[in-house]
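Colleague: Please read through the structure below; I'll follow up with questions.
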Amino acid sequence: MTTWGNLNLQNSSSPLMEQLMFFHNHSMLIIILITILVGYLMSSLFFNKYTNRLLLESQNIEIIWTVLPAFMLIFIALPSLRLLYLLDDLNKPLISLKTIGHQWYWSYEYSDFNDIEFDSYMIPYNELNNYDFRLLDVDNRIILPFNSQIRILITATDVLHSWTIPSLGIKVDATPGRLNQSNFMINRPGLFFGQCSEICGANHSFMPIVIESISTNSFIKWIHSH
């Protein structure tokens, strides 16, 4: 992948991530316009020869450069507040998944079903198959249905961790003694990878997250098999 390709966000796999990408593009457009305007004004000041020794103040200029940034902030703040509300709003979750961070692996519990819990470790390099992803695949994947609202409860047992899936637009801190909550919905089947995004110790970079999104019927069969 090219350098410019690495600077892009991952392709969205959830409605919330789509909204985050729209807001990112919206903000970047405003920032680019401001940069162009300021750059033009600075270059015009450098290269023109106009001087005015008697100009001490200008109420009109001060009003413009006070009101204009205020409108820019409003254009950024309104969609940002809307997005914050959508990120925190729980819309009748179908499944609850409890995630517990450890040094250096994850534990998962399906709270709506009896006795479905497991630990998820990164697959060591010498045990990888040809189709596995180095430093990303785990021995026990999270199985979730797509097009279903998922509530995730996140905590930790030892130090701070951060449960992150970039393509789903979710990043929640796992704090010892505290239960954090978030929600997401996967809009297509597939594999979605993430990693701990909090510096939690020596093996911080070796506790990946893998979600396998399947159909609802396949998920029900998986539940019955466990």
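Labels used: A, B, ... for chains in the order of the structure tokens, numbers from 1 for residues in each chain, and numbers from 1 for ligands as shown.
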For the alpha helix (DSSP H) assignment from backbone DSSP, which residues of region 16-128 of chain A qualify? Please present them as a ChimeraX atom specification.
Modeller: /A:16-47,59-88
Colleague: From a backbone DSSP assignment, name each residue in region 128-164 of chain A labelled strand (DSSP E), as a VMD selection string.
Modeller: chain A and resid 142 to 145 149 to 156 161 to 164
Colleague: Mind checking which residues fall within 7 Å of Leu168 (chain A), counting only C-alpha atoms, ignoring those fewer than 6 positions away in the same chain, and posting them as a tab-separated table (two decimals) with N, CA, C and O atoms, in the first residue's frame?
Modeller:
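Below you can see out.tsv, which holds the result:
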```tsv
chain	number	residue	atom	x	y	z
A	12	SER	N	-15.30	1.83	6.12
A	12	SER	CA	-16.27	1.68	7.21
A	12	SER	C	-17.06	0.40	7.07
A	12	SER	O	-17.41	-0.02	5.97
A	13	SER	N	-17.35	-0.22	8.21
A	13	SER	CA	-18.17	-1.43	8.25
A	13	SER	C	-19.33	-1.29	9.21
A	13	SER	O	-19.95	-2.27	9.59
A	14	SER	N	-19.62	-0.06	9.61
A	14	SER	CA	-20.75	0.20	10.50
A	14	SER	C	-21.30	1.60	10.20
A	14	SER	O	-20.57	2.47	9.72
A	17	MET	N	-19.26	4.41	11.89
A	17	MET	CA	-17.99	4.74	11.25
A	17	MET	C	-18.22	5.57	9.99
A	17	MET	O	-17.42	6.47	9.68
```
Colleague: With only C-alpha atoms counted and 12 Å as the cut-off, give the residues of region 52-153 of chain A in contact with region 212-217 of chain A, each with its shortest interatomic distance in Å and the pair that gives it, as a tab-separated table.
Modeller:
```
residue	atom	partner	partner_atom	distance
A:Leu94	CA	A:Thr216	CA	11.1
A:Ile95	CA	A:Thr216	CA	11.4
A:Asp137	CA	A:Glu212	CA	11.1
A:Val138	CA	A:Glu212	CA	11.2
A:Asn140	CA	A:Glu212	CA	10.1
A:Arg141	CA	A:Glu212	CA	6.4
A:Ile142	CA	A:Glu212	CA	5.9
A:Ile143	CA	A:Glu212	CA	5.0
A:Leu144	CA	A:Ser213	CA	5.1
A:Pro145	CA	A:Ile214	CA	4.9
A:Phe146	CA	A:Ser213	CA	5.6
A:Asn147	CA	A:Ser215	CA	8.4
A:Ser148	CA	A:Thr216	CA	8.4
A:Gln149	CA	A:Thr216	CA	11.8
A:Ile150	CA	A:Ser213	CA	11.6
```
Colleague: When you count only C-alpha atoms, which of these residues is closest to Glu198 (chain A): A:Leu179, A:Trp104, A:Leu128, A:His224?
Modeller: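 Checking each of A:Leu179, A:Trp104, A:Leu128, A:His224 against Glu198 (chain A), counting only C-alpha atoms, the winner is A:Trp104.
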Colleague: Show which residues sit within 6 Å of Arg151 (chain A), as number ranges by chain. Count only C-alpha atoms, and ignore same-chain residues fewer than 4 positions away.
Modeller: A: 93, 96, 182-183
Colleague: Output N, CA and C atoms for every residue in that selection, as a CSV table (one decimal), in the first residue's frame.
Modeller:
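Written output follows (again_16.csv):
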```csv
chain,number,residue,atom,x,y,z
A,93,PRO,N,-30.3,-2.9,22.2
A,93,PRO,CA,-29.3,-3.8,21.7
A,93,PRO,C,-29.9,-5.3,21.7
A,96,SER,N,-25.6,-8.6,24.1
A,96,SER,CA,-24.6,-7.9,25.0
A,96,SER,C,-23.3,-8.8,25.1
A,182,SER,N,-20.5,0.7,25.3
A,182,SER,CA,-20.6,1.3,24.0
A,182,SER,C,-21.5,0.4,23.1
A,183,ASN,N,-21.7,0.8,21.9
A,183,ASN,CA,-22.6,0.0,21.0
A,183,ASN,C,-22.1,0.2,19.6
```
Colleague: Counting only C-alpha atoms, which of A:Met207, A:Leu9, A:Leu191, A:Ile170 gets nearest to Gln103 (chain A)?
Modeller: A:Met207
Colleague: Which residue is closest to Phe184 (chain A)? Choose from A:Val172, A:Ile64, A:Ala70, A:Ile36 and count only C-alpha atoms.
Modeller: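 Using only C-alpha atoms, Phe184 (chain A) sits closest to A:Val172.
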Colleague: List the neighbours of Leu83 (chain A) out to 10 Å using only C-alpha atoms; skip same-chain residues closer than 6 positions along the sequence, and give me the result as a VMD selection string.
Modeller: chain A and resid 16 19 to 20 23 77 89
Colleague: Store the residues picked out above, limited to C-alpha atoms, as a short mmCIF file (atom, residue, chain, number, x, y, z; two decimals), in the first residue's frame.
Modeller:
```
data_model
loop_
_atom_site.label_atom_id
_atom_site.label_comp_id
_atom_site.auth_asym_id
_atom_site.auth_seq_id
_atom_site.Cartn_x
_atom_site.Cartn_y
_atom_site.Cartn_z
CA LEU A 16 -21.31 4.99 13.06
CA GLN A 19 -20.80 9.14 10.12
CA LEU A 20 -17.33 9.57 11.63
CA PHE A 23 -17.53 14.38 9.90
CA ALA A 77 -19.71 21.93 16.62
CA ASP A 89 -27.20 6.25 22.29
#
```
Colleague: Calculated over only C-alpha atoms, which of the candidates A:Met42, A:Ile30, A:Leu54, A:Ile209 has the smallest distance to Phe71 (chain A)?
Modeller: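 Residue with the minimum atom-to-atom distance to Phe71 (chain A): A:Ile30.
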Colleague: For Ile31 (chain A), which residue out of A:Tyr125, A:Leu81, A:Lys49, A:Leu73 is the nearest one, using only C-alpha atoms?
Modeller: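 Among the listed residues, the smallest separation from Ile31 (chain A) belongs to A:Leu73.
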Colleague: I want to know what sits within 8 Å of Leu135 (chain A), based on only C-alpha atoms, with residues of the same chain fewer than 4 positions away left out; could you give that as a ChimeraX atom specification?
Modeller: /A:122-125,206,208
Colleague: Please list as a list of chain:residue names every residue within 10 Å of Asp173 (chain A), counting only C-alpha atoms and excluding residues in the same chain fewer than 4 positions away.
Modeller: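 What passes the distance filter is A:Gly101, A:Ile154, A:Thr155, A:Ala156, A:Leu160, A:His161, A:Ser162, A:Trp163, A:Thr164, A:Arg178, A:Leu179, A:Asn180, A:Gln181, A:Cys196, A:Ser197, A:Glu198.
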